[in-house]
Amino acid sequence: MMKVNRNDKRPIWQQLLDQAIHNITSGIWAPGELLIPSRELAHMVGVSRSTIQIVYEELLSRGYTVTSRRGGTRVSKWKQVTESTKEIITDGPIPPSLPLLNSAVDQLHDWFRGKEQRKVEIDFSPHEPYLDGQFQKNWRQSLLRASAEMDLSSWAYGNPYGFTPLREQIQRYLSLERGIHIQTNQILLTSGAQHSIDLIAQSLLSDGDTVSVEDPGFPAAWMAMKYRRMNVVPVPVDEYGLVVECIHPQSKLTFVTPSHQCAVGVVMSEPRRQQLLHKAVQEQSWIIEDDYDSEFRYRGEPLPTLISQEPNNTLYLMSFSKMIAPGIRISAIVGSVEAIAQLARVQELTYRHLPIMDQLTLTHFIKNGHFMRHMRRVRNVYRRRHEAMTKAIMASGLGERFTLSGVETGLHMLLEAEESYDEETVTELALQKGIRVYPLGPYCLESKRKGWVLGFAKVDEASIEQGIHRLAELIL
């Protein structure tokens with residue numbers, strides 16, 4: 001018999017519905033059994049008829065009962081579930097084993113040093129830029145104003161290429177600052193470099209295609225392409241950048257960071273650039289040019305891009321992760337009209353488009369001058385910290401014992417040791433002393449080069465000097 005508990009905070013109809021479902025699923029009300037008429041049951045339980053009608057309608061809509069014009073309402077042909085089956089269902093299906101994914105994620109953590117949860121005093125992270133209260137204030141202002149100015153149409157499904165006004169702002173920036181003259185339909189917005197690389201692999205390559213990557217180089221690039229079943233081939237890097245003659249002859253794509261080589265930090269020489277571009281044109285292959293931190297150059301002007309010299313074969317990646325903040329998660333791929341159209345079709349199928357509020361906020365941030373003011377401010381900060389880092393390394397004696405490279409551009413430099421050096425032991429010793437440094441090993445596929453990739457963007461000048469001298473005391 002169903003009954004009402006007046007002390008139960010749930011609505012009466014909900015109490016009765018739960019009891020009815022229990023009676024059906026446990027077999028108390030057998031399949032095909034005729035339910036008591038609503039008026040009669042209401043009298044028996046002591047509630048209004050409308051309450052019982054709500055319960056019966058809910059049972060019917062959920063499929064627990066069936067009804068006919070002459071036969072009344074009956075319990076549906078409910079199949080009982082045995083206790084053993086319930087246990088299996090509770091556990092759920094077991095996810096498939098994905099060793100390729102697990103290996104890549106482990107490598108990613110190793111690269112970021114994500115497994116080390118110990119607190120440190122000084123972190124020479126090469127991954128994160130400098131942020132301050134002024135940035136947060138301006139971003140909040142852009143967010144509020146963009147939100148106030150948007151209309152209802154902005155909340156509809158968007159363009160897979162990305163928000164057009166934002167692409168127009170990026171187009172203007174690339175033309176003025178990087179000498180890349182393009183149309184907005186040559187720009188596709190993504191949620192970061194890894195998203196960009198994954199999208200390119202899906203759109204322009206096939207399973208098993210050979211791709212060439214710098215070694216040492218950007219780990220996320222080869223991780224993403226390996227996961228997409230590409231044959232990833234490492235290409236060595238020397239003092240002039242990627243060694244072009246070592247690119248695999250069957251390579252369909254070459255990933256390169258010419259303006260500031262990821263890890264080693266060298267700038268790709270002009271002869272190598274021309275050699276790479278000629279090879280791509282001759283062999284009809286793609287180049288991914290990751291221009292991740294070239295805006296921060298300490299000697300001369302930013303270098304010309306590969307895409308400005310060969311726009312048909314080059315896919316240019318730019319990201320606001322290093323220019324502003326990784327949390328923004330907005331990047332862009334620039335390429336030929338045909339290539340970007342292909343990427344946009346895959347984007348529409350798999351990701352649809354980026355969140356509109358983030359795009360609107362960044363558009364406002366750039367359009368109202370906050371972005372360029374932010375860039376001028378952080379360039380000054382980075383110039384001071386870059387100088388403090390180079391001076392500290394030379395003054396501490398590390399510059400005599402190890403080779404320093406990558407000092408012209410970007411937010412990190414490499415302190416390189418001999419190949420026989422035990423970089424991991426030094427890394428662990430430094431961590432015990434409250435200093436986090438980033439070994440070169442996770443940046444390498446086959447390369448045996450050793451050293452530490454030292455970022456300075458998030459470390460103030462006094463801490464840089466202190467950290468480098470503490471590091472020198474450990475290893476000299």
# chains A, B, ... in the order shown; residues from 1 in each chain; ligands from 1
>>> select_by_dssp(residues="range 217-284 of chain A", states="alpha helix (DSSP H)", output="list in words")
Pro219, Ala220, Ala221, Trp222, Met223, Ala224, Met225, Lys226, Tyr227, Glu270, Pro271, Arg272, Arg273, Gln274, Gln275, Leu276, Leu277, His278, Lys279, Ala280, Val281, Gln282 and Glu283 of chain A
>>> write_last_selection(atoms="N, CA, C and O atoms", output="JSON list (two decimals), in the first residue's frame")
[["chain", "number", "residue", "atom", "x", "y", "z"],
["A", 219, "PRO", "N", 57.56, 19.15, -27.60],
["A", 219, "PRO", "CA", 57.03, 17.80, -27.37],
["A", 219, "PRO", "C", 55.57, 17.63, -27.75],
["A", 219, "PRO", "O", 55.18, 16.58, -28.27],
["A", 220, "ALA", "N", 54.74, 18.65, -27.49],
["A", 220, "ALA", "CA", 53.31, 18.51, -27.78],
["A", 220, "ALA", "C", 53.05, 18.28, -29.26],
["A", 220, "ALA", "O", 52.05, 17.67, -29.63],
["A", 221, "ALA", "N", 53.96, 18.76, -30.12],
["A", 221, "ALA", "CA", 53.78, 18.59, -31.57],
["A", 221, "ALA", "C", 53.87, 17.12, -31.95],
["A", 221, "ALA", "O", 52.99, 16.57, -32.61],
["A", 222, "TRP", "N", 54.95, 16.47, -31.52],
["A", 222, "TRP", "CA", 55.08, 15.07, -31.93],
["A", 222, "TRP", "C", 54.14, 14.16, -31.16],
["A", 222, "TRP", "O", 53.70, 13.14, -31.67],
["A", 223, "MET", "N", 53.77, 14.55, -29.92],
["A", 223, "MET", "CA", 52.81, 13.74, -29.17],
["A", 223, "MET", "C", 51.45, 13.72, -29.88],
["A", 223, "MET", "O", 50.82, 12.67, -30.03],
["A", 224, "ALA", "N", 51.00, 14.89, -30.30],
["A", 224, "ALA", "CA", 49.70, 14.99, -30.97],
["A", 224, "ALA", "C", 49.71, 14.21, -32.28],
["A", 224, "ALA", "O", 48.76, 13.50, -32.61],
["A", 225, "MET", "N", 50.81, 14.32, -33.05],
["A", 225, "MET", "CA", 50.85, 13.65, -34.35],
["A", 225, "MET", "C", 51.05, 12.15, -34.21],
["A", 225, "MET", "O", 50.52, 11.37, -35.00],
["A", 226, "LYS", "N", 51.79, 11.73, -33.20],
["A", 226, "LYS", "CA", 51.90, 10.29, -32.95],
["A", 226, "LYS", "C", 50.54, 9.71, -32.58],
["A", 226, "LYS", "O", 50.17, 8.61, -33.01],
["A", 227, "TYR", "N", 49.78, 10.45, -31.77],
["A", 227, "TYR", "CA", 48.47, 9.97, -31.37],
["A", 227, "TYR", "C", 47.53, 9.87, -32.57],
["A", 227, "TYR", "O", 46.61, 9.03, -32.59],
["A", 270, "GLU", "N", 69.16, 32.23, -42.41],
["A", 270, "GLU", "CA", 68.48, 32.51, -43.67],
["A", 270, "GLU", "C", 68.75, 31.44, -44.73],
["A", 270, "GLU", "O", 67.81, 31.02, -45.44],
["A", 271, "PRO", "N", 69.99, 30.96, -44.88],
["A", 271, "PRO", "CA", 70.20, 29.88, -45.86],
["A", 271, "PRO", "C", 69.36, 28.64, -45.55],
["A", 271, "PRO", "O", 68.81, 28.01, -46.48],
["A", 272, "ARG", "N", 69.24, 28.29, -44.27],
["A", 272, "ARG", "CA", 68.42, 27.13, -43.91],
["A", 272, "ARG", "C", 66.95, 27.39, -44.21],
["A", 272, "ARG", "O", 66.21, 26.49, -44.66],
["A", 273, "ARG", "N", 66.49, 28.60, -43.96],
["A", 273, "ARG", "CA", 65.10, 28.95, -44.26],
["A", 273, "ARG", "C", 64.81, 28.77, -45.74],
["A", 273, "ARG", "O", 63.79, 28.17, -46.12],
["A", 274, "GLN", "N", 65.70, 29.30, -46.58],
["A", 274, "GLN", "CA", 65.49, 29.19, -48.02],
["A", 274, "GLN", "C", 65.56, 27.74, -48.48],
["A", 274, "GLN", "O", 64.80, 27.31, -49.35],
["A", 275, "GLN", "N", 66.45, 26.98, -47.88],
["A", 275, "GLN", "CA", 66.57, 25.55, -48.20],
["A", 275, "GLN", "C", 65.29, 24.81, -47.84],
["A", 275, "GLN", "O", 64.79, 23.99, -48.62],
["A", 276, "LEU", "N", 64.72, 25.11, -46.67],
["A", 276, "LEU", "CA", 63.48, 24.47, -46.23],
["A", 276, "LEU", "C", 62.31, 24.84, -47.13],
["A", 276, "LEU", "O", 61.52, 23.98, -47.54],
["A", 277, "LEU", "N", 62.20, 26.13, -47.46],
["A", 277, "LEU", "CA", 61.10, 26.58, -48.32],
["A", 277, "LEU", "C", 61.20, 25.97, -49.71],
["A", 277, "LEU", "O", 60.19, 25.53, -50.28],
["A", 278, "HIS", "N", 62.41, 25.92, -50.25],
["A", 278, "HIS", "CA", 62.61, 25.33, -51.58],
["A", 278, "HIS", "C", 62.22, 23.86, -51.57],
["A", 278, "HIS", "O", 61.55, 23.37, -52.50],
["A", 279, "LYS", "N", 62.60, 23.16, -50.52],
["A", 279, "LYS", "CA", 62.29, 21.73, -50.41],
["A", 279, "LYS", "C", 60.78, 21.51, -50.34],
["A", 279, "LYS", "O", 60.24, 20.60, -50.99],
["A", 280, "ALA", "N", 60.08, 22.33, -49.56],
["A", 280, "ALA", "CA", 58.63, 22.19, -49.42],
["A", 280, "ALA", "C", 57.92, 22.42, -50.75],
["A", 280, "ALA", "O", 56.98, 21.68, -51.10],
["A", 281, "VAL", "N", 58.35, 23.44, -51.49],
["A", 281, "VAL", "CA", 57.74, 23.74, -52.80],
["A", 281, "VAL", "C", 58.03, 22.62, -53.79],
["A", 281, "VAL", "O", 57.14, 22.15, -54.50],
["A", 282, "GLN", "N", 59.27, 22.19, -53.82],
["A", 282, "GLN", "CA", 59.69, 21.16, -54.77],
["A", 282, "GLN", "C", 58.98, 19.84, -54.51],
["A", 282, "GLN", "O", 58.57, 19.14, -55.44],
["A", 283, "GLU", "N", 58.81, 19.47, -53.23],
["A", 283, "GLU", "CA", 58.23, 18.18, -52.89],
["A", 283, "GLU", "C", 56.75, 18.27, -52.53],
["A", 283, "GLU", "O", 56.14, 17.28, -52.14]]
>>> closest_atom_pairs(of="range 110-206 of chain A", to="range 358-382 of chain A", cutoff="8 Å", atoms="only C-alpha atoms", output="CSV")
residue,atom,partner,partner_atom,distance
A:Tyr130,CA,A:Val378,CA,7.0
A:Phe135,CA,A:His374,CA,6.9
A:Asn138,CA,A:His370,CA,6.7
A:Trp139,CA,A:Phe365,CA,6.6
A:Ser142,CA,A:Thr361,CA,5.4
A:Leu143,CA,A:Thr361,CA,4.9
A:Arg145,CA,A:His364,CA,7.9
A:Ala146,CA,A:Thr361,CA,5.6
A:Ser147,CA,A:Thr361,CA,7.8
A:Phe163,CA,A:Gln359,CA,6.5
A:Pro165,CA,A:Thr363,CA,6.7
A:Leu166,CA,A:Thr363,CA,4.9
A:Gln169,CA,A:Lys367,CA,6.9
>>> residues_around(residues="Glu57 in chain A", least_positions_apart="6", cutoff="12 Å", atoms="only C-alpha atoms", output="ChimeraX atom specification")
/A:13,17,20,38,50-51,63-67,73
>>> write_last_selection(atoms="C-alpha atoms", output="CSV table (one decimal), in the first residue's frame")
chain,number,residue,atom,x,y,z
A,13,TRP,CA,3.5,13.3,-5.8
A,17,LEU,CA,5.9,8.2,-7.7
A,20,ALA,CA,5.1,3.2,-7.5
A,38,SER,CA,-7.0,7.3,-9.7
A,50,SER,CA,-5.0,15.4,-9.2
A,51,THR,CA,-1.9,14.2,-7.2
A,63,GLY,CA,7.3,3.8,-19.9
A,64,TYR,CA,6.5,2.1,-16.7
A,65,THR,CA,2.9,1.7,-17.7
A,66,VAL,CA,0.8,1.5,-20.8
A,67,THR,CA,-2.8,2.6,-21.4
A,73,THR,CA,-3.7,1.6,-17.2
>>> residues_around(residues="Met230 in chain A", least_positions_apart="2", cutoff="12 Å", atoms="only C-alpha atoms", output="JSON, numbers by chain")
{"A": [100, 197, 198, 200, 201, 202, 204, 205, 206, 207, 208, 209, 210, 211, 212, 213, 221, 222, 223, 224, 225, 226, 227, 228, 232, 233, 251, 252, 253]}
>>> write_last_selection(atoms="N, CA and C atoms", output="compact mmCIF listing (two decimals), in the first residue's frame")
# COMPACT_ATOMS: atom_id res chain seq x y z
N LEU A 100 49.13 4.41 -26.32
CA LEU A 100 49.70 5.57 -27.02
C LEU A 100 49.30 6.86 -26.32
N ILE A 197 47.65 21.76 -34.08
CA ILE A 197 48.41 20.65 -34.67
C ILE A 197 47.50 19.44 -34.89
N ASP A 198 46.65 19.15 -33.92
CA ASP A 198 45.72 18.03 -34.04
C ASP A 198 44.78 18.24 -35.22
N ILE A 200 45.33 20.07 -37.91
CA ILE A 200 46.09 19.93 -39.16
C ILE A 200 46.29 18.45 -39.49
N ALA A 201 46.63 17.65 -38.46
CA ALA A 201 46.84 16.22 -38.68
C ALA A 201 45.56 15.56 -39.20
N GLN A 202 44.41 15.94 -38.65
CA GLN A 202 43.13 15.38 -39.08
C GLN A 202 42.76 15.82 -40.50
N LEU A 204 44.79 17.49 -43.07
CA LEU A 204 45.71 17.55 -44.21
C LEU A 204 46.61 16.34 -44.33
N LEU A 205 46.54 15.42 -43.37
CA LEU A 205 47.39 14.23 -43.39
C LEU A 205 46.54 12.97 -43.29
N SER A 206 47.16 11.84 -43.60
CA SER A 206 46.49 10.54 -43.50
C SER A 206 47.24 9.65 -42.53
N ASP A 207 46.55 8.66 -41.97
CA ASP A 207 47.21 7.72 -41.06
C ASP A 207 48.46 7.15 -41.71
N GLY A 208 49.55 7.16 -40.94
CA GLY A 208 50.79 6.58 -41.44
C GLY A 208 51.68 7.53 -42.21
N ASP A 209 51.20 8.75 -42.49
CA ASP A 209 52.05 9.72 -43.19
C ASP A 209 53.29 10.03 -42.36
N THR A 210 54.38 10.30 -43.04
CA THR A 210 55.62 10.66 -42.36
C THR A 210 55.68 12.16 -42.14
N VAL A 211 55.97 12.55 -40.90
CA VAL A 211 56.13 13.97 -40.57
C VAL A 211 57.48 14.14 -39.88
N SER A 212 58.13 15.26 -40.12
CA SER A 212 59.44 15.54 -39.55
C SER A 212 59.32 16.61 -38.48
N VAL A 213 60.00 16.40 -37.36
CA VAL A 213 59.94 17.36 -36.26
C VAL A 213 61.35 17.65 -35.75
N ALA A 221 53.96 18.76 -30.12
CA ALA A 221 53.78 18.59 -31.57
C ALA A 221 53.87 17.12 -31.95
N TRP A 222 54.95 16.47 -31.52
CA TRP A 222 55.08 15.07 -31.93
C TRP A 222 54.14 14.16 -31.16
N MET A 223 53.77 14.55 -29.92
CA MET A 223 52.81 13.74 -29.17
C MET A 223 51.45 13.72 -29.88
N ALA A 224 51.00 14.89 -30.30
CA ALA A 224 49.70 14.99 -30.97
C ALA A 224 49.71 14.21 -32.28
N MET A 225 50.81 14.32 -33.05
CA MET A 225 50.85 13.65 -34.35
C MET A 225 51.05 12.15 -34.21
N LYS A 226 51.79 11.73 -33.20
CA LYS A 226 51.90 10.29 -32.95
C LYS A 226 50.54 9.71 -32.58
N TYR A 227 49.78 10.45 -31.77
CA TYR A 227 48.47 9.97 -31.37
C TYR A 227 47.53 9.87 -32.57
N ARG A 228 47.77 10.68 -33.57
CA ARG A 228 46.97 10.63 -34.80
C ARG A 228 47.55 9.63 -35.80
N VAL A 232 56.32 9.73 -37.03
CA VAL A 232 57.07 10.92 -36.63
C VAL A 232 58.57 10.64 -36.69
N VAL A 233 59.29 11.46 -37.47
CA VAL A 233 60.72 11.27 -37.65
C VAL A 233 61.46 12.48 -37.08
N SER A 251 58.68 12.80 -46.21
CA SER A 251 57.95 13.62 -45.25
C SER A 251 56.86 14.45 -45.93
N LYS A 252 55.65 14.38 -45.38
CA LYS A 252 54.52 15.16 -45.89
C LYS A 252 54.42 16.51 -45.19
N LEU A 253 55.10 16.63 -44.04
CA LEU A 253 55.00 17.86 -43.25
C LEU A 253 56.24 17.98 -42.37
>>> residues_around(residues="His127 in chain A", least_positions_apart="6", cutoff="9 Å", atoms="only C-alpha atoms", output="ChimeraX atom specification")
/A:112,322,326,411-412,455,457
>>> write_last_selection(atoms="all heavy atoms", output="CSV table (one decimal), in the first residue's frame")
chain,number,residue,atom,x,y,z
A,112,PHE,N,56.2,19.2,-18.5
A,112,PHE,CA,55.7,20.3,-17.7
A,112,PHE,C,56.2,20.1,-16.2
A,112,PHE,O,56.0,21.0,-15.4
A,112,PHE,CB,54.2,20.3,-17.7
A,112,PHE,CG,53.6,21.2,-18.7
A,112,PHE,CD1,53.2,20.7,-19.9
A,112,PHE,CD2,53.5,22.6,-18.5
A,112,PHE,CE1,52.6,21.5,-20.9
A,112,PHE,CE2,53.0,23.4,-19.5
A,112,PHE,CZ,52.6,22.9,-20.7
A,322,LYS,N,51.5,32.8,-24.9
A,322,LYS,CA,52.7,33.4,-24.5
A,322,LYS,C,52.6,34.9,-24.5
A,322,LYS,O,53.2,35.6,-23.7
A,322,LYS,CB,53.9,32.9,-25.4
A,322,LYS,CG,54.3,31.5,-25.1
A,322,LYS,CD,55.0,31.3,-23.8
A,322,LYS,CE,55.3,29.9,-23.5
A,322,LYS,NZ,56.4,29.3,-24.3
A,326,PRO,N,48.1,31.7,-20.9
A,326,PRO,CA,47.6,30.4,-21.4
A,326,PRO,C,46.1,30.1,-21.2
A,326,PRO,O,45.5,29.4,-21.9
A,326,PRO,CB,48.5,29.4,-20.6
A,326,PRO,CG,49.7,30.2,-20.1
A,326,PRO,CD,49.2,31.6,-20.0
A,411,LEU,N,61.4,33.7,-24.3
A,411,LEU,CA,61.2,33.7,-22.9
A,411,LEU,C,62.0,32.6,-22.2
A,411,LEU,O,61.8,32.4,-21.0
A,411,LEU,CB,59.7,33.6,-22.5
A,411,LEU,CG,58.8,34.7,-23.2
A,411,LEU,CD1,57.4,34.5,-22.8
A,411,LEU,CD2,59.3,36.1,-22.9
A,412,HIS,N,62.9,32.0,-22.9
A,412,HIS,CA,63.7,31.0,-22.2
A,412,HIS,C,65.1,30.9,-22.9
A,412,HIS,O,65.2,31.4,-24.1
A,412,HIS,CB,63.1,29.6,-22.3
A,412,HIS,CG,63.1,28.9,-23.6
A,412,HIS,ND1,62.1,29.0,-24.5
A,412,HIS,CD2,64.1,28.2,-24.3
A,412,HIS,CE1,62.4,28.4,-25.6
A,412,HIS,NE2,63.6,27.9,-25.5
A,455,GLY,N,63.4,29.2,-18.2
A,455,GLY,CA,62.5,30.4,-18.5
A,455,GLY,C,62.7,31.5,-17.4
A,455,GLY,O,63.0,31.2,-16.3
A,457,ALA,N,60.3,34.4,-17.6
A,457,ALA,CA,59.2,35.3,-17.7
A,457,ALA,C,58.5,35.5,-16.3
A,457,ALA,O,58.1,36.6,-16.0
A,457,ALA,CB,58.2,34.8,-18.7
>>> residues_around(residues="Ala472 in chain A", least_positions_apart="5", cutoff="12 Å", atoms="only C-alpha atoms", output="PDB file with C-alpha atoms, in the first residue's frame")
ATOM      1  CA  ALA A 392      73.701  35.944 -13.462  1.00  0.00           C
ATOM      2  CA  ILE A 393      74.734  32.952 -15.577  1.00  0.00           C
ATOM      3  CA  MET A 394      77.987  34.603 -16.583  1.00  0.00           C
ATOM      4  CA  ALA A 395      78.736  35.984 -13.107  1.00  0.00           C
ATOM      5  CA  SER A 396      78.063  32.637 -11.407  1.00  0.00           C
ATOM      6  CA  GLY A 397      80.537  30.753 -13.589  1.00  0.00           C
ATOM      7  CA  LEU A 398      77.829  28.627 -15.227  1.00  0.00           C
ATOM      8  CA  GLY A 399      78.548  30.349 -18.533  1.00  0.00           C
ATOM      9  CA  GLU A 400      82.128  29.039 -18.463  1.00  0.00           C
ATOM     10  CA  ARG A 401      81.192  25.483 -17.526  1.00  0.00           C
ATOM     11  CA  PHE A 402      78.154  25.149 -19.826  1.00  0.00           C
ATOM     12  CA  LEU A 415      72.152  26.012 -20.553  1.00  0.00           C
ATOM     13  CA  VAL A 426      70.995  18.014 -10.862  1.00  0.00           C
ATOM     14  CA  LEU A 429      69.056  18.333  -6.253  1.00  0.00           C
ATOM     15  CA  ALA A 430      67.904  21.788  -7.322  1.00  0.00           C
ATOM     16  CA  LYS A 433      66.929  23.344  -2.623  1.00  0.00           C
ATOM     17  CA  ILE A 435      64.587  25.648  -7.302  1.00  0.00           C
ATOM     18  CA  GLU A 465      70.054  36.163  -9.489  1.00  0.00           C
ATOM     19  CA  GLN A 466      69.453  34.175  -6.298  1.00  0.00           C
ATOM     20  CA  GLY A 467      68.236  31.072  -8.155  1.00  0.00           C
TER      21      GLY A 467
END
>>> select_by_dssp(residues="range 64-205 of chain A", states="strand (DSSP E or B)", output="list in words")
Thr65, Val66, Thr67, Ser68, Gly72, Thr73, Arg74, Val75, Ile122, Asp123, Ile187, Leu188, Leu189 and Thr190 of chain A
>>> closest_residue(among="A:Gly158, A:Pro311, A:Gly217, A:Gly192", to="Val264 in chain A", atoms="only C-alpha atoms")
A:Gly217
>>> closest_residue(among="A:Leu454, A:Leu174, A:Ser285, A:Gln186", to="Val337 in chain A", atoms="only C-alpha atoms")
A:Gln186
>>> residues_around(residues="Ser191 in chain A", least_positions_apart="4", cutoff="12 Å", atoms="only C-alpha atoms", output="list in words")
Tyr161, Gly162, His195, Ser196, Ile197, Asp198, Leu199, Leu317, Met318, Ser319, Phe320, Ser321, Pro326, Gly327, Ile328, Arg329, Ile330, Ser331, Ala332, Ile333, Gln347, Tyr351, Arg352, His353, Leu354, Pro355, Asp358 and Gln359 of chain A
>>> closest_residue(among="A:Leu242, A:Leu101, A:Ser447, A:Glu408", to="Glu295 in chain A", atoms="only C-alpha atoms")
A:Glu408
>>> closest_residue(among="A:Leu41, A:Ala462, A:Tyr438, A:Phe255", to="Arg384 in chain A", atoms="only C-alpha atoms")
A:Ala462
>>> closest_residue(among="A:Glu310, A:Gly335, A:Glu33, A:Ile12", to="Gln171 in chain A", atoms="only C-alpha atoms")
A:Gly335
>>> atom_distance(atom1="CA of Asn313 in chain A", atom2="CA of Glu245 in chain A")
18.1 Å
